[in-house]
Every structure is written in structure tokens, then in C-alpha cells.
$ cat entry36.cif   # mmCIF, C-alpha atoms and all ligand atoms
data_structure
#
loop_
_atom_site.label_atom_id
_atom_site.label_comp_id
_atom_site.auth_asym_id
_atom_site.auth_seq_id
_atom_site.Cartn_x
_atom_site.Cartn_y
_atom_site.Cartn_z
CA MET Z 123 74.98 97.42 77.17
CA ILE Z 124 75.25 97.12 80.93
CA TYR Z 125 78.35 98.98 81.93
CA PHE Z 126 79.98 98.24 85.29
CA ASP Z 127 83.37 99.75 84.56
CA TYR Z 128 83.03 103.39 85.56
CA THR Z 129 86.33 103.21 87.40
CA ALA Z 130 88.06 102.66 84.05
CA THR Z 131 86.25 105.52 82.41
CA SER Z 132 82.91 107.30 82.27
CA LYS Z 133 80.77 108.69 79.48
CA PRO Z 134 81.47 112.33 78.66
CA ASN Z 135 78.74 114.63 79.85
CA GLU Z 136 76.78 116.35 77.02
CA GLU Z 137 77.29 119.79 78.53
CA VAL Z 138 81.02 119.15 78.79
CA LEU Z 139 81.18 118.08 75.15
CA ALA Z 140 79.17 121.11 74.05
CA LEU Z 141 81.50 123.46 75.91
CA TYR Z 142 84.54 121.76 74.43
CA GLN Z 143 83.16 122.26 70.95
CA LYS Z 144 82.12 125.83 71.56
CA ILE Z 145 85.56 126.86 72.78
CA ASN Z 146 87.22 125.11 69.87
CA ALA Z 147 84.86 126.92 67.50
CA ASP Z 148 85.03 130.40 69.04
CA TYR Z 149 88.24 130.69 71.08
CA TRP Z 150 90.82 128.57 69.29
CA SER Z 151 93.67 131.05 69.28
CA ASN Z 152 96.84 130.29 71.17
CA PRO Z 153 96.50 131.60 74.75
CA SER Z 154 100.20 132.50 74.77
CA SER Z 155 99.80 134.93 71.87
CA ILE Z 156 100.07 138.53 72.98
CA TYR Z 157 97.42 139.98 70.66
CA LYS Z 158 93.80 140.41 71.69
CA ALA Z 159 92.45 137.03 70.54
CA GLY Z 160 95.18 135.28 72.52
CA VAL Z 161 94.54 137.41 75.58
CA ILE Z 162 90.83 136.54 75.50
CA THR Z 163 91.63 132.83 75.29
CA ASN Z 164 94.18 133.18 78.04
CA ASN Z 165 91.59 134.88 80.25
CA LEU Z 166 89.35 131.87 79.74
CA PHE Z 167 92.18 129.61 80.80
CA GLN Z 168 92.89 131.65 83.92
CA LYS Z 169 89.22 131.46 84.80
CA CYS Z 170 89.44 127.64 84.61
CA GLU Z 171 92.40 127.66 87.02
CA LYS Z 172 90.53 129.92 89.42
CA ASP Z 173 87.27 127.97 89.18
CA ILE Z 174 88.88 124.59 89.88
CA LEU Z 175 90.61 125.93 92.98
CA GLU Z 176 87.32 127.49 94.09
CA VAL Z 177 85.22 124.35 93.53
CA LEU Z 178 87.69 122.39 95.63
CA ASN Z 179 87.87 125.12 98.31
CA LEU Z 180 91.60 125.55 97.94
CA GLN Z 181 93.78 128.43 99.05
CA ASN Z 182 97.46 129.03 98.25
CA LYS Z 183 97.48 126.34 95.58
CA LYS Z 184 98.30 126.30 91.92
CA ILE Z 185 97.16 124.00 89.21
CA TYR Z 186 98.90 122.48 86.22
CA PHE Z 187 96.65 121.00 83.56
CA THR Z 188 98.12 117.79 82.17
CA SER Z 189 97.29 115.03 79.71
CA GLY Z 190 95.67 113.08 82.53
CA ALA Z 191 96.42 111.66 85.92
CA THR Z 192 99.26 109.48 84.64
CA GLU Z 193 101.18 112.58 83.61
CA ALA Z 194 100.14 114.46 86.75
CA ASN Z 195 101.39 111.62 88.98
CA ASN Z 196 104.69 111.51 87.09
CA LEU Z 197 105.04 115.27 87.35
CA ALA Z 198 104.44 115.24 91.10
CA ILE Z 199 106.81 112.37 91.83
CA TYR Z 200 109.70 113.23 89.49
CA GLY Z 201 109.08 116.92 90.07
CA ILE Z 202 110.16 116.42 93.67
CA CYS Z 203 112.62 113.54 93.33
CA ASN Z 204 114.61 115.05 90.46
CA ASN Z 205 115.70 117.73 92.94
CA TYR Z 206 117.42 115.04 95.00
CA LEU Z 207 119.14 112.70 92.53
CA ASN Z 208 122.18 110.87 93.96
CA GLN Z 209 121.58 112.24 97.45
CA ASP Z 210 120.63 108.96 99.14
CA LYS Z 211 117.07 110.01 99.94
CA ASN Z 212 114.09 107.92 101.03
CA ILE Z 213 110.70 107.91 99.40
CA ILE Z 214 107.57 106.06 100.52
CA THR Z 215 104.54 104.73 98.70
CA THR Z 216 102.13 101.81 99.09
CA LYS Z 217 101.80 98.34 97.60
CA ILE Z 218 98.45 99.15 96.03
CA GLU Z 219 99.18 102.20 93.91
CA HIS Z 220 98.06 102.68 90.34
CA PRO Z 221 100.84 101.84 87.82
CA SER Z 222 101.28 105.56 87.09
CA VAL Z 223 102.62 105.94 90.63
CA MET Z 224 104.10 102.48 91.18
CA SER Z 225 106.24 102.53 88.02
CA CYS Z 226 107.74 105.89 89.00
CA PHE Z 227 108.80 104.54 92.38
CA GLU Z 228 110.23 101.36 90.84
CA ASP Z 229 112.21 103.49 88.41
CA LEU Z 230 113.45 105.81 91.17
CA GLU Z 231 114.49 102.78 93.20
CA LYS Z 232 116.74 101.74 90.30
CA LYS Z 233 118.11 105.28 90.27
CA GLY Z 234 119.27 104.98 93.87
CA PHE Z 235 116.38 106.14 96.03
CA LYS Z 236 115.54 103.96 99.01
CA VAL Z 237 111.88 103.07 98.58
CA THR Z 238 109.43 101.74 101.16
CA TYR Z 239 106.25 100.12 99.86
CA LEU Z 240 103.70 100.18 102.67
CA SER Z 241 101.64 97.05 103.16
CA VAL Z 242 97.87 97.02 103.63
CA ASP Z 243 95.49 95.08 105.84
CA GLU Z 244 92.52 92.95 104.77
CA LYS Z 245 90.46 96.07 104.18
CA GLY Z 246 93.18 97.51 101.94
CA ILE Z 247 94.08 100.16 104.51
CA ILE Z 248 97.72 101.20 104.51
CA ASN Z 249 99.85 100.33 107.51
CA LEU Z 250 100.39 103.60 109.37
CA GLU Z 251 102.81 101.99 111.82
CA GLU Z 252 105.08 101.08 108.90
CA LEU Z 253 104.82 104.66 107.71
CA LYS Z 254 105.85 105.95 111.15
CA GLN Z 255 108.74 103.47 111.31
CA ASN Z 256 110.12 104.32 107.88
CA ILE Z 257 109.67 108.07 107.59
CA ASN Z 258 112.60 110.18 108.81
CA ASN Z 259 114.42 113.43 108.12
CA ASN Z 260 115.85 111.89 104.97
CA THR Z 261 112.41 111.20 103.50
CA ILE Z 262 111.46 113.64 100.75
CA LEU Z 263 108.20 112.20 99.45
CA VAL Z 264 105.24 110.12 100.58
CA SER Z 265 102.73 109.18 97.90
CA THR Z 266 99.48 107.40 98.63
CA MET Z 267 96.17 107.12 96.88
CA TRP Z 268 93.01 108.39 98.54
CA VAL Z 269 90.53 105.88 97.08
CA ASN Z 270 91.90 102.64 95.69
CA ASN Z 271 90.87 101.96 92.09
CA ILE Z 272 90.58 98.18 92.45
CA VAL Z 273 88.68 97.58 95.68
CA GLY Z 274 87.61 101.11 96.63
CA THR Z 275 89.36 101.34 100.02
CA ILE Z 276 89.32 104.89 101.36
CA GLU Z 277 92.74 105.56 102.87
CA PRO Z 278 93.14 107.47 106.16
CA ILE Z 279 94.63 110.58 104.58
CA GLU Z 280 94.05 112.72 107.69
CA GLU Z 281 96.33 110.37 109.66
CA VAL Z 282 98.93 110.37 106.90
CA ILE Z 283 98.90 114.20 106.89
CA LYS Z 284 99.58 114.25 110.66
CA ILE Z 285 102.54 111.90 110.30
CA VAL Z 286 104.09 113.59 107.26
CA LYS Z 287 103.69 117.09 108.78
CA GLN Z 288 106.24 116.17 111.44
CA TYR Z 289 108.91 116.08 108.72
CA PRO Z 290 108.97 119.53 107.11
CA ARG Z 291 111.16 118.54 104.19
CA CYS Z 292 108.88 115.66 103.22
CA LYS Z 293 106.11 116.33 100.69
CA LEU Z 294 102.82 114.45 100.56
CA HIS Z 295 101.33 113.49 97.21
CA VAL Z 296 97.83 112.01 96.99
CA ASP Z 297 96.40 110.34 93.91
CA ALA Z 298 92.81 111.51 94.33
CA VAL Z 299 91.52 110.25 90.98
CA GLN Z 300 88.88 107.84 92.29
CA GLY Z 301 87.70 110.06 95.12
CA ILE Z 302 87.26 113.51 93.60
CA GLY Z 303 83.64 114.21 92.73
CA LYS Z 304 82.51 111.00 94.37
CA ILE Z 305 83.48 110.96 98.03
CA LYS Z 306 83.29 113.83 100.50
CA PRO Z 307 86.80 114.11 101.92
CA THR Z 308 87.21 113.82 105.68
CA PHE Z 309 90.47 115.78 105.41
CA ASP Z 310 91.33 119.20 104.07
CA PHE Z 311 93.02 119.14 100.67
CA ASN Z 312 94.73 122.37 101.69
CA ASN Z 313 96.90 120.20 103.93
CA VAL Z 314 98.01 117.97 101.07
CA ASP Z 315 101.10 119.24 99.24
CA MET Z 316 100.18 117.81 95.84
CA PHE Z 317 97.25 115.88 94.44
CA THR Z 318 96.08 114.50 91.14
CA LEU Z 319 92.77 114.35 89.34
CA SER Z 320 91.62 112.87 86.06
CA SER Z 321 88.83 114.27 83.91
CA HIS Z 322 87.53 111.13 82.22
CA LYS Z 323 86.65 109.50 85.55
CA ILE Z 324 84.15 112.28 86.24
CA ASN Z 325 82.31 112.47 82.91
CA GLY Z 326 84.96 114.73 81.43
CA LEU Z 327 87.19 113.99 78.45
CA LYS Z 328 90.09 111.61 78.11
CA SER Z 329 93.71 112.70 78.10
CA SER Z 330 93.05 115.52 80.51
CA GLY Z 331 93.65 115.96 84.19
CA ALA Z 332 95.55 118.10 86.61
CA LEU Z 333 98.14 118.29 89.30
CA ILE Z 334 97.35 120.73 92.08
CA ILE Z 335 100.19 121.76 94.35
CA ASN Z 336 100.94 123.99 97.27
CA ASN Z 337 102.28 127.21 95.73
CA LYS Z 338 105.42 127.15 97.88
CA ILE Z 339 106.63 123.86 96.42
CA ASN Z 340 109.70 123.85 94.25
CA LEU Z 341 108.68 121.44 91.52
CA GLN Z 342 110.93 120.61 88.58
CA GLY Z 343 109.10 120.19 85.30
CA VAL Z 344 109.54 116.84 83.60
CA LEU Z 345 108.95 118.03 80.05
CA LYS Z 346 111.36 120.60 78.65
CA GLY Z 347 109.88 123.27 76.44
CA ALA Z 348 108.60 126.83 76.42
CA THR Z 349 107.16 128.79 79.30
CA GLN Z 350 103.51 127.75 79.29
CA GLN Z 351 102.20 126.90 82.77
CA GLU Z 352 105.36 128.45 84.23
CA GLY Z 353 107.49 126.06 82.19
CA ILE Z 354 106.56 123.34 84.69
CA ARG Z 355 104.18 121.84 82.17
CA PRO Z 356 105.16 123.35 78.82
CA GLY Z 357 103.30 122.84 75.55
CA THR Z 358 100.50 124.84 73.92
CA ILE Z 359 97.66 125.04 76.37
CA ASP Z 360 94.42 123.35 75.36
CA VAL Z 361 91.93 125.81 76.78
CA ALA Z 362 88.92 123.85 75.54
CA LEU Z 363 90.12 120.72 77.33
CA SER Z 364 90.89 122.66 80.51
CA ALA Z 365 87.41 124.19 80.37
CA ALA Z 366 85.91 120.74 79.85
CA THR Z 367 87.72 119.44 82.95
CA THR Z 368 86.54 122.44 84.94
CA LYS Z 369 82.95 121.97 83.81
CA ALA Z 370 83.02 118.24 84.56
CA LEU Z 371 84.38 118.91 88.02
CA LYS Z 372 81.77 121.59 88.75
CA LEU Z 373 78.90 119.38 87.61
CA ILE Z 374 79.99 116.27 89.49
CA THR Z 375 80.78 118.20 92.66
CA ALA Z 376 77.35 119.86 92.70
CA SER Z 377 75.67 116.42 92.76
CA ARG Z 378 78.33 114.53 94.69
CA ASP Z 379 76.49 114.00 97.95
CA LYS Z 380 73.19 113.12 96.28
CA HIS Z 381 74.96 110.61 94.01
CA TYR Z 382 76.81 109.14 96.97
CA ILE Z 383 73.59 108.32 98.82
CA TYR Z 384 72.09 106.71 95.73
CA VAL Z 385 75.19 104.64 94.89
CA LYS Z 386 75.62 103.56 98.52
CA GLU Z 387 72.10 102.15 98.40
CA LEU Z 388 72.89 100.37 95.12
CA GLN Z 389 76.02 98.83 96.59
CA LYS Z 390 74.03 97.60 99.60
CA TYR Z 391 71.48 96.03 97.26
CA PHE Z 392 74.28 94.42 95.21
CA ARG Z 393 75.85 92.91 98.32
CA GLU Z 394 72.52 91.47 99.45
CA GLN Z 395 71.96 89.83 96.08
CA LEU Z 396 75.42 88.25 96.22
CA LYS Z 397 74.73 86.58 99.57
CA ASN Z 398 74.57 82.80 99.49
CA ILE Z 399 75.87 82.47 95.94
CA PRO Z 400 78.41 79.64 96.13
CA ASN Z 401 82.08 80.40 95.47
CA VAL Z 402 81.61 84.17 95.62
CA LEU Z 403 83.70 86.23 98.03
CA ILE Z 404 83.44 89.96 98.47
CA ASN Z 405 86.85 91.64 98.55
CA SER Z 406 85.84 95.27 99.11
CA SER Z 407 85.28 96.24 102.72
CA GLU Z 408 81.88 97.61 103.73
CA ASP Z 409 83.34 101.04 104.46
CA ALA Z 410 85.04 101.34 101.07
CA SER Z 411 83.84 103.64 98.31
CA PRO Z 412 80.33 102.57 97.27
CA TYR Z 413 81.37 103.13 93.65
CA ILE Z 414 83.51 99.97 93.62
CA LEU Z 415 82.59 96.42 94.50
CA ASN Z 416 85.34 93.86 94.07
CA ILE Z 417 84.44 90.18 94.26
CA SER Z 418 86.13 86.86 93.56
CA ILE Z 419 84.35 83.99 91.86
CA LEU Z 420 86.67 81.34 93.16
CA ASN Z 421 86.10 78.64 90.55
CA THR Z 422 86.60 80.94 87.55
CA GLU Z 423 89.50 83.04 86.43
CA SER Z 424 88.60 86.69 85.95
CA GLU Z 425 89.14 86.70 82.22
CA THR Z 426 86.82 83.74 81.60
CA PHE Z 427 84.03 85.40 83.51
CA ILE Z 428 84.56 88.76 81.81
CA HIS Z 429 84.19 87.12 78.41
CA TYR Z 430 81.16 85.14 79.55
CA LEU Z 431 79.42 88.35 80.64
CA GLU Z 432 80.50 90.11 77.49
CA LYS Z 433 78.18 87.81 75.51
CA TYR Z 434 75.29 89.49 77.31
CA GLU Z 435 76.87 92.92 76.84
CA ILE Z 436 77.65 93.20 80.52
CA TYR Z 437 81.02 94.81 81.11
CA VAL Z 438 83.13 94.39 84.23
CA ALA Z 439 86.89 94.53 84.77
CA ALA Z 440 89.49 92.23 86.28
CA GLY Z 441 91.65 95.01 87.62
CA SER Z 442 92.81 98.32 86.33
CA ALA Z 443 92.12 98.65 82.58
CA CYS Z 444 95.62 100.11 82.33
CA ASN Z 445 97.11 96.73 83.27
CA SER Z 446 94.52 94.42 81.80
CA LYS Z 447 96.76 92.92 79.12
CA ILE Z 448 99.10 91.48 81.71
CA LYS Z 449 97.90 88.25 83.30
CA LYS Z 450 99.04 88.30 86.90
CA PRO Z 451 97.24 87.91 90.22
CA GLU Z 452 95.54 91.21 90.89
CA LYS Z 453 98.05 93.20 92.95
CA THR Z 454 95.72 94.99 95.37
CA VAL Z 455 93.59 91.92 96.12
CA TYR Z 456 96.78 89.90 96.64
CA ALA Z 457 98.25 92.54 98.97
CA MET Z 458 95.08 92.38 101.07
CA PHE Z 459 94.55 88.62 101.37
CA HIS Z 460 97.86 87.01 100.26
CA ASP Z 461 95.70 84.48 98.43
CA GLU Z 462 96.61 83.84 94.81
CA ARG Z 463 93.33 82.12 93.95
CA ARG Z 464 91.33 85.03 95.26
CA ALA Z 465 93.52 87.45 93.31
CA VAL Z 466 93.34 85.66 89.94
CA THR Z 467 89.57 85.27 90.16
CA SER Z 468 88.79 88.82 91.22
CA LEU Z 469 86.43 91.11 89.36
CA ARG Z 470 86.00 94.82 89.74
CA ILE Z 471 82.41 95.94 89.36
CA SER Z 472 82.13 99.68 89.38
CA LEU Z 473 78.94 101.64 89.74
CA SER Z 474 77.71 105.09 88.87
CA TYR Z 475 74.81 107.36 89.64
CA VAL Z 476 73.33 106.13 86.35
CA THR Z 477 73.51 102.45 87.35
CA THR Z 478 70.13 100.83 88.10
CA LYS Z 479 68.94 97.95 90.26
CA GLU Z 480 67.70 96.23 87.08
CA GLU Z 481 71.26 96.19 85.79
CA ILE Z 482 72.40 94.59 89.02
CA ASP Z 483 69.60 92.01 88.76
CA GLU Z 484 70.76 91.12 85.27
CA PHE Z 485 74.32 90.63 86.49
CA ILE Z 486 73.12 88.40 89.34
CA LYS Z 487 70.95 86.37 86.97
CA ARG Z 488 73.92 85.71 84.65
CA LEU Z 489 76.16 84.93 87.61
CA LYS Z 490 73.68 82.33 88.89
CA GLU Z 491 73.35 80.79 85.43
CA PHE Z 492 77.11 80.51 84.97
CA LYS Z 493 78.37 76.92 84.77
N1 LIG S 1 95.30 106.88 89.29
C1 LIG S 1 94.22 106.11 89.48
C2 LIG S 1 93.85 105.74 90.88
C3 LIG S 1 93.45 105.69 88.41
O1 LIG S 1 92.38 104.92 88.63
C4 LIG S 1 93.83 106.07 87.11
C5 LIG S 1 93.03 105.62 85.88
N2 LIG S 1 92.89 104.23 85.79
C6 LIG S 1 94.98 106.88 86.94
C7 LIG S 1 95.68 107.26 88.05
C8 LIG S 1 95.44 107.32 85.58
O2 LIG S 1 94.54 108.26 85.04
P1 LIG S 1 94.60 108.73 83.51
O3 LIG S 1 93.82 107.72 82.75
O4 LIG S 1 93.94 110.08 83.51
O5 LIG S 1 96.02 108.81 83.11
#
$ encode --input "entry36.cif" --output "C-alpha cells"
Amino acid sequence: MIYFDYTATSKPNEEVLALYQKINADYWSNPSSIYKAGVITNNLFQKCEKDILEVLNLQNKKIYFTSGATEANNLAIYGICNNYLNQDKNIITTKIEHPSVMSCFEDLEKKGFKVTYLSVDEKGIINLEELKQNINNNTILVSTMWVNNIVGTIEPIEEVIKIVKQYPRCKLHVDAVQGIGKIKPTFDFNNVDMFTLSSHKINGLKSSGALIINNKINLQGVLKGATQQEGIRPGTIDVALSAATTKALKLITASRDKHYIYVKELQKYFREQLKNIPNVLINSSEDASPYILNISILNTESETFIHYLEKYEIYVAAGSACNSKIKKPEKTVYAMFHDERRAVTSLRISLSYVTTKEEIDEFIKRLKEFK
């Protein structure tokens, strides 16, 4: 198979799988138990917390392991907003968020919050003027992604930090899922109040991720239960899964810059091969993440082309896999170009450090043959 959907998920790393199995075999006791076996398992868990904060160079932060970025995004957003129900507060997000952020804001809007959805330009960059115009002392939360999962736009988080910092009550949440382990940040995560990561995007395991927050933040847990993870994220802790996430993060971070250079070169090659092919438009800007290349094949709806490629075992996506059953113009591409045709014919090709030029050649060959 030729897999171009690494943004949807990535193959678990062998070392990560081995560690997961080892911990399940040797340290499977409940880390909340007060006897020795539990204490040993709990020590392993605490080491995971410490290691993740260390790998990301974080100080004065705490981490909550979750069932993935969807849960972590929900925890961040409701964790703040539930403190302010029925108080006429403003919250701000963007028009291009992942559904795990967007749906929370839509729900909170129904519950009485005033929501601003920031627009984006043709590169997918959020409108900072709109942010400045809408943020005020009544704003309690701004949530924006770092790297967009559909077109790869890298958002100007350092600028957002400067703006939000002027409003001490307002918290900044960043969905960092598509950036962590792939892109070197040009901002300091220590200046972001809360951010989210997902393990299966970085060769870790599915249904695991984390929310990392500034340790002064008063977050309300969403789930009600016992006191694990300070009661903010209750439920028996899966130490093996937390260790797998930690390992995946360590491994990907160690090779991040080397991978980046390789994938950037691949993306450049891909773009060159796409030149002069009729009806093909490139939607991702040149300064976007090299891991994502979004194109539109104007005479073919996304789904038709996906199924055509599937016959050759080439896999690409139309948009986010999480929304792929719903046939609508792709939201991010539409927000950028306001062009329905371009949005319904868009394809997300996502690359990895294991992608090869030969795989790209095969894609181009099938694209040229397509009638
Ligand atoms: N945010 C972004 C930007 C994503 O790409 C994804 C995964 N598609 C998520 C959140 C949700 O992650 P998870 O699958 O871990 O719930």
C-alpha cells in the first residue's frame, strides 16, 4: 500500500508497542493502590509525567493523560468555560478548528456564551485583527490550532500569545496535535496556558493523548469520578499507555529536525511534479507544514478520486478522517478560498519521514492517467 494519510493516523512504532506490552506484562497493578506493587506502577507513571514535561522543555506545567486529543480538547475548553456558565462571557476560536474543538464552541454558544469564529486568509492564517477587535476583559478563552490538519497552515501562535497576554483573565488553548514532534515551534510552549497532543499522530497508540496546562490554572474536570489525576481526569490510570505516549514523543522529538528536512524536500518534489497538470490547484501555502499537501482536482469530487486511487492501494483523504462520512465542502479549504468547487474537490495528501519519492511518482502517474 502507498499511504498518504499520516495526518489521520500513523503506524505504531515497534519500540512503543514493545514497551506497552512489557508494562502490561510486568507492571499491571493499579497505580492508585497503596501497597508496594501499586507504588512501583505509580512511580512509573510519575516518571512519564516528568519525562513528557522535560522533552517539551516545560516548567510550571502539569499534564493530564487522556483518551486522546478529542478528550483533551474537551477538557481544556469545558474545564475553563464550566467555571463561567450563565455569566455572559465571550470565547474565541477559529473557523478552521478540528471538530473536537469546533463542536465544543458550537455547544457553548447554545449554552449562552458569545462566540467569535476568526476567519482566515488564503494561506489559512487566522485574522489577528479580528482577534484584537473581539477580545476584551469579558473574554475567558481563546482556542486556536497550531498546525491545521487539513492544509497544514502554521498559525502565528507567538502573535496570539502577545494579544491574549494583555487580558489576564483570558486563557489560551492551543491544539498542537499536528505540530508536536514534527515542527520546531517558533514560540515557547511555556507561554501557552493549555495545549493538546495526540499519541497516534506520532507513531504512538490510539486512544491516548494529553492535555498540558499551566499549574496555576483552575480547571474543572469534565468526568466525575475518583481522585486519579487530581480528580480532573478520573478513571484508573493506564500506565502502559502513558508510557507508550511518552516513548513515542521522545522518539519523534529526537528525530524531529532531521525528519523535517527530509519531508520538506519531499514536499518540494511533490509540488514540482504537480506543475502543469491540468485542473490541479494546490491549496496549501508554501510555508505550511511540509507534512501536509492539500490539492484540488477541479473536475473530480474528492470521494471519486479517493476511490479511484484506492484501486491501486494508494490512500489519501478528503478532509479530516473524523468527518469523512459527512459530504460537505471541506470547511478549511472553503474558509480560505470561498470557492465551493475547490472545497468539494480537495484532497489531503499527508507525508511522513517514511514516505519515498517513488511513492510520489506512483501517485503522479495515476493522477495523469485519470480520466
Ligand atoms: N486535533 C487535530 C488537529 C487533529 O488532527 C485530531 C485528529 N484528527 C484531533 C484533534 C483529535 O485527536 P484524537 O484522534 O487523538 O482524538
$ atom_distance --input "entry36.cif" --atom1 "CA of Thr216 in chain Z" --atom2 "CA of Val269 in chain Z"
12.5 Å
$ residues_around --input "entry36.cif" --residues "Asn421 in chain Z" --least-positions-apart "6" --cutoff "12 Å" --atoms "all atoms listed in the file" --output "PyMOL selection string"
chain Z and resi 400-403+427+463-468+492-493
$ residues_around --input "entry36.cif" --residues "range 431-443 of chain Z" --least-positions-apart "3" --cutoff "9 Å" --atoms "all atoms listed in the file" --output "JSON, numbers by chain"
{"Z": [123, 124, 125, 126, 127, 129, 130, 220, 221, 271, 272, 273, 416, 424, 425, 426, 427, 428, 446, 447, 452, 453, 454, 466, 467, 468, 469, 470, 471, 472, 481, 484, 485, 488, 489]}
$ residues_near_ligand --input "entry36.cif" --ligand "ligand LIG 1 (chain S)" --cutoff "7 Å" --atoms "all atoms listed in the file" --output "list of chain:residue names"
Z:Thr129, Z:Ala130, Z:Gly190, Z:Ala191, Z:Thr192, Z:Glu193, Z:His220, Z:Ser222, Z:Met267, Z:Asn270, Z:Asn271, Z:Asp297, Z:Ala298, Z:Val299, Z:Gln300, Z:Ser320, Z:Ser321, Z:His322, Z:Lys328, Z:Ser329, Z:Ser330, Z:Gly331, Z:Ser442, Z:Ala443, Z:Cys444
$ atom_distance --input "entry36.cif" --atom1 "CA of Tyr289 in chain Z" --atom2 "CA of Asn258 in chain Z"
7.0 Å
$ residues_around --input "entry36.cif" --residues "Gly353 in chain Z" --least-positions-apart "4" --cutoff "12 Å" --atoms "all atoms listed in the file" --output "PyMOL selection string"
chain Z and resi 186+341-349+357-359
$ atom_distance --input "entry36.cif" --atom1 "CA of Asn337 in chain Z" --atom2 "CA of Gln288 in chain Z"
19.6 Å
$ closest_atom_pairs --input "entry36.cif" --of "range 314-360 of chain Z" --to "range 282-285 of chain Z" --cutoff "12 Å" --atoms "all atoms listed in the file" --output "JSON lines"
{"residue": "Z:Val314", "atom": "CA", "partner": "Z:Ile283", "partner_atom": "CA", "distance": 7.0}
{"residue": "Z:Asp315", "atom": "CA", "partner": "Z:Ile283", "partner_atom": "CA", "distance": 9.4}
{"residue": "Z:Met316", "atom": "CA", "partner": "Z:Ile283", "partner_atom": "CA", "distance": 11.7}
$ residues_around --input "entry36.cif" --residues "Asp210 in chain Z" --least-positions-apart "3" --cutoff "12 Å" --atoms "all atoms listed in the file" --output "VMD selection string"
chain Z and resid 203 205 to 207 213 230 to 231 233 to 237 259 to 262
$ write_last_selection --input "entry36.cif" --atoms "C-alpha atoms" --output "PDB file, keeping the file's coordinate frame"
ATOM      1  CA  CYS Z 203     112.620 113.540  93.330  1.00  0.00           C
ATOM      2  CA  ASN Z 205     115.700 117.730  92.940  1.00  0.00           C
ATOM      3  CA  TYR Z 206     117.420 115.040  95.000  1.00  0.00           C
ATOM      4  CA  LEU Z 207     119.140 112.700  92.530  1.00  0.00           C
ATOM      5  CA  ILE Z 213     110.700 107.910  99.400  1.00  0.00           C
ATOM      6  CA  LEU Z 230     113.450 105.810  91.170  1.00  0.00           C
ATOM      7  CA  GLU Z 231     114.490 102.780  93.200  1.00  0.00           C
ATOM      8  CA  LYS Z 233     118.110 105.280  90.270  1.00  0.00           C
ATOM      9  CA  GLY Z 234     119.270 104.980  93.870  1.00  0.00           C
ATOM     10  CA  PHE Z 235     116.380 106.140  96.030  1.00  0.00           C
ATOM     11  CA  LYS Z 236     115.540 103.960  99.010  1.00  0.00           C
ATOM     12  CA  VAL Z 237     111.880 103.070  98.580  1.00  0.00           C
ATOM     13  CA  ASN Z 259     114.420 113.430 108.120  1.00  0.00           C
ATOM     14  CA  ASN Z 260     115.850 111.890 104.970  1.00  0.00           C
ATOM     15  CA  THR Z 261     112.410 111.200 103.500  1.00  0.00           C
ATOM     16  CA  ILE Z 262     111.460 113.640 100.750  1.00  0.00           C
TER      17      ILE Z 262
END
$ closest_residue --input "entry36.cif" --among "Z:Asn256, Z:Gln389, Z:Gln181, Z:Thr188" --to "Thr238 in chain Z" --atoms "only C-alpha atoms"
Z:Asn256
$ closest_residue --input "entry36.cif" --among "Z:Thr477, Z:Ser407, Z:Thr422, Z:Ser225" --to "Gly246 in chain Z" --atoms "only C-alpha atoms"
Z:Ser407
$ closest_residue --input "entry36.cif" --among "Z:Trp150, Z:Phe392, Z:Phe317, Z:Tyr413" --to "Ile305 in chain Z" --atoms "all atoms listed in the file"
Z:Tyr413
$ residues_around --input "entry36.cif" --residues "Ile248 in chain Z" --least-positions-apart "4" --cutoff "12 Å" --atoms "all atoms listed in the file" --output "CSV table (one decimal) with C-alpha atoms, in the coordinates of the input"
chain,number,residue,atom,x,y,z
Z,214,ILE,CA,107.6,106.1,100.5
Z,215,THR,CA,104.5,104.7,98.7
Z,216,THR,CA,102.1,101.8,99.1
Z,217,LYS,CA,101.8,98.3,97.6
Z,218,ILE,CA,98.4,99.2,96.0
Z,219,GLU,CA,99.2,102.2,93.9
Z,239,TYR,CA,106.2,100.1,99.9
Z,240,LEU,CA,103.7,100.2,102.7
Z,241,SER,CA,101.6,97.0,103.2
Z,242,VAL,CA,97.9,97.0,103.6
Z,243,ASP,CA,95.5,95.1,105.8
Z,244,GLU,CA,92.5,93.0,104.8
Z,252,GLU,CA,105.1,101.1,108.9
Z,253,LEU,CA,104.8,104.7,107.7
Z,254,LYS,CA,105.8,106.0,111.2
Z,265,SER,CA,102.7,109.2,97.9
Z,266,THR,CA,99.5,107.4,98.6
Z,267,MET,CA,96.2,107.1,96.9
Z,268,TRP,CA,93.0,108.4,98.5
Z,269,VAL,CA,90.5,105.9,97.1
Z,270,ASN,CA,91.9,102.6,95.7
Z,275,THR,CA,89.4,101.3,100.0
Z,276,ILE,CA,89.3,104.9,101.4
Z,277,GLU,CA,92.7,105.6,102.9
Z,278,PRO,CA,93.1,107.5,106.2
Z,279,ILE,CA,94.6,110.6,104.6
Z,281,GLU,CA,96.3,110.4,109.7
Z,282,VAL,CA,98.9,110.4,106.9
Z,454,THR,CA,95.7,95.0,95.4
Z,457,ALA,CA,98.2,92.5,99.0
Z,458,MET,CA,95.1,92.4,101.1
$ closest_residue --input "entry36.cif" --among "Z:Leu294, Z:Leu388, Z:Ala140, Z:Leu396" --to "Pro412 in chain Z" --atoms "only C-alpha atoms"
Z:Leu388
$ closest_residue --input "entry36.cif" --among "Z:Thr367, Z:Ser418, Z:Asn164, Z:Ser151" --to "Lys323 in chain Z" --atoms "only C-alpha atoms"
Z:Thr367
$ axis_aligned_box --input "entry36.cif" --around "range 383-401 of chain Z" --padding-each-side "4 Å" --output "JSON"
{"center_x": 76.8, "center_y": 94.0, "center_z": 97.2, "size_x": 18.6, "size_y": 36.7, "size_z": 12.7}
$ closest_residue --input "entry36.cif" --among "Z:Pro451, Z:Gln395, Z:Lys338, Z:Leu263" --to "Lys487 in chain Z" --atoms "all atoms listed in the file"
Z:Gln395
